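To start, the structure itself, in structure tokens.
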Amino acid sequence: SSGINAEYGLTSAMSDSRFSPVSKHEICQLSVSVSLLVGFETGRDYLDWTLGIHGIKIEFTFGRSTKTATFLPDVAPEQGWSKEETVDALLRKAGVRGAIPQSMKDSIKLVRYRSEKVAMDFNDYVKERQHVPELLN
């Protein structure tokens, strides 16, 4: 599986059309963070979560299909959104266009979660690599 992860990493860094490729001189400036999602709980309704604490995943029926969308806990505070604005943004992310009826919001199945963020810059990576080189080859 480490070969697959390396392949995805290279594809993301060099071939993702949403971003310019990473150049050689930028490598030492890179950092990475991973959000570990923990503490999943079913919410009573679409507002049963706390801004800045919980990420949310919504599920709802739209037309004949079931749609889902999620935001990590940092997204709403970074955007300056209220809980209502966050849910509206998630509905839009899932493909809803036009007016959002209250009945759609009321039908949402919500799961809230927390995240534990782990970050590493390039210098930290180099130091770690010296300790466990066999894991990175």
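All residue names refer to the structure tokens as shown: chains lettered A, B, ... in order, residues numbered from 1 in each chain, ligands numbered from 1 in order.
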- [ ] Pick out the residues sitting within 7 Å of segment 63-74 of chain A, and hand them over as a ChimeraX atom specification; count only C-alpha atoms, and ignore anything fewer than 2 positions along from it in its own chain.
- [x] /A:52-61,76-78,90,93-94,114-115
TODO: Determine which residues of chain A DSSP labels as strand (DSSP E) from the backbone of this structure, then write them out as an NGL selection string.
DONE: :A and (31-42 or 55-62 or 65-71 or 109-121)
Task: Selection near Val32 of chain A, 10 Å with only C-alpha atoms, sequence-local residues under 2 positions removed, as JSON, numbers by chain - done: {"A": [30, 34, 118, 119, 120, 121, 122, 125]}
- [ ] Check the smallest atom-to-atom distance from each of A:Lys117, A:Phe62, A:Val75, A:Lys109 to Gly95 of chain A using only C-alpha atoms, then report the winner.
- [x]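 Smallest distance to Gly95 of chain A is found for A:Phe62.
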TODO: For atom CA of Ser23 of chain A and atom CA of Asp124 of chain A, quote the distance in Å rounded to one decimal.
DONE: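 Taking atom CA of Ser23 of chain A as the start and atom CA of Asp124 of chain A as the end point, the length is 19.6 Å.
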Task: DSSP-assigned helix (DSSP H, G or I) members of segment 42-98 of chain A, reported as a list in words - done: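 Matching residues for helix (DSSP H, G or I) in segment 42-98 of chain A are Val75, Ala76, Pro77, Glu78, Gln79, Lys83, Glu84, Glu85, Thr86, Val87, Asp88, Ala89, Leu90, Leu91, Arg92 and Lys93 of chain A.
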Open item on the list: Restricting the calculation to only C-alpha atoms: of A:Val126, A:Asp88, A:His131, A:Leu51, which residue gets closest to Ile100 of chain A?
Closed with: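 The answer is A:Asp88, which sits nearest to Ile100 of chain A.
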Task: One-decimal distance in Å that lies between atom CA of Asp45 of chain A and atom CA of Lys105 of chain A - done: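 The value is 8.7 Å.
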Task: Residue neighbourhood Pro101 of chain A, 12 Å, only C-alpha atoms, exclusion window fewer than 5 positions, as a ChimeraX atom specification - done: /A:62,88,91,96,106-108
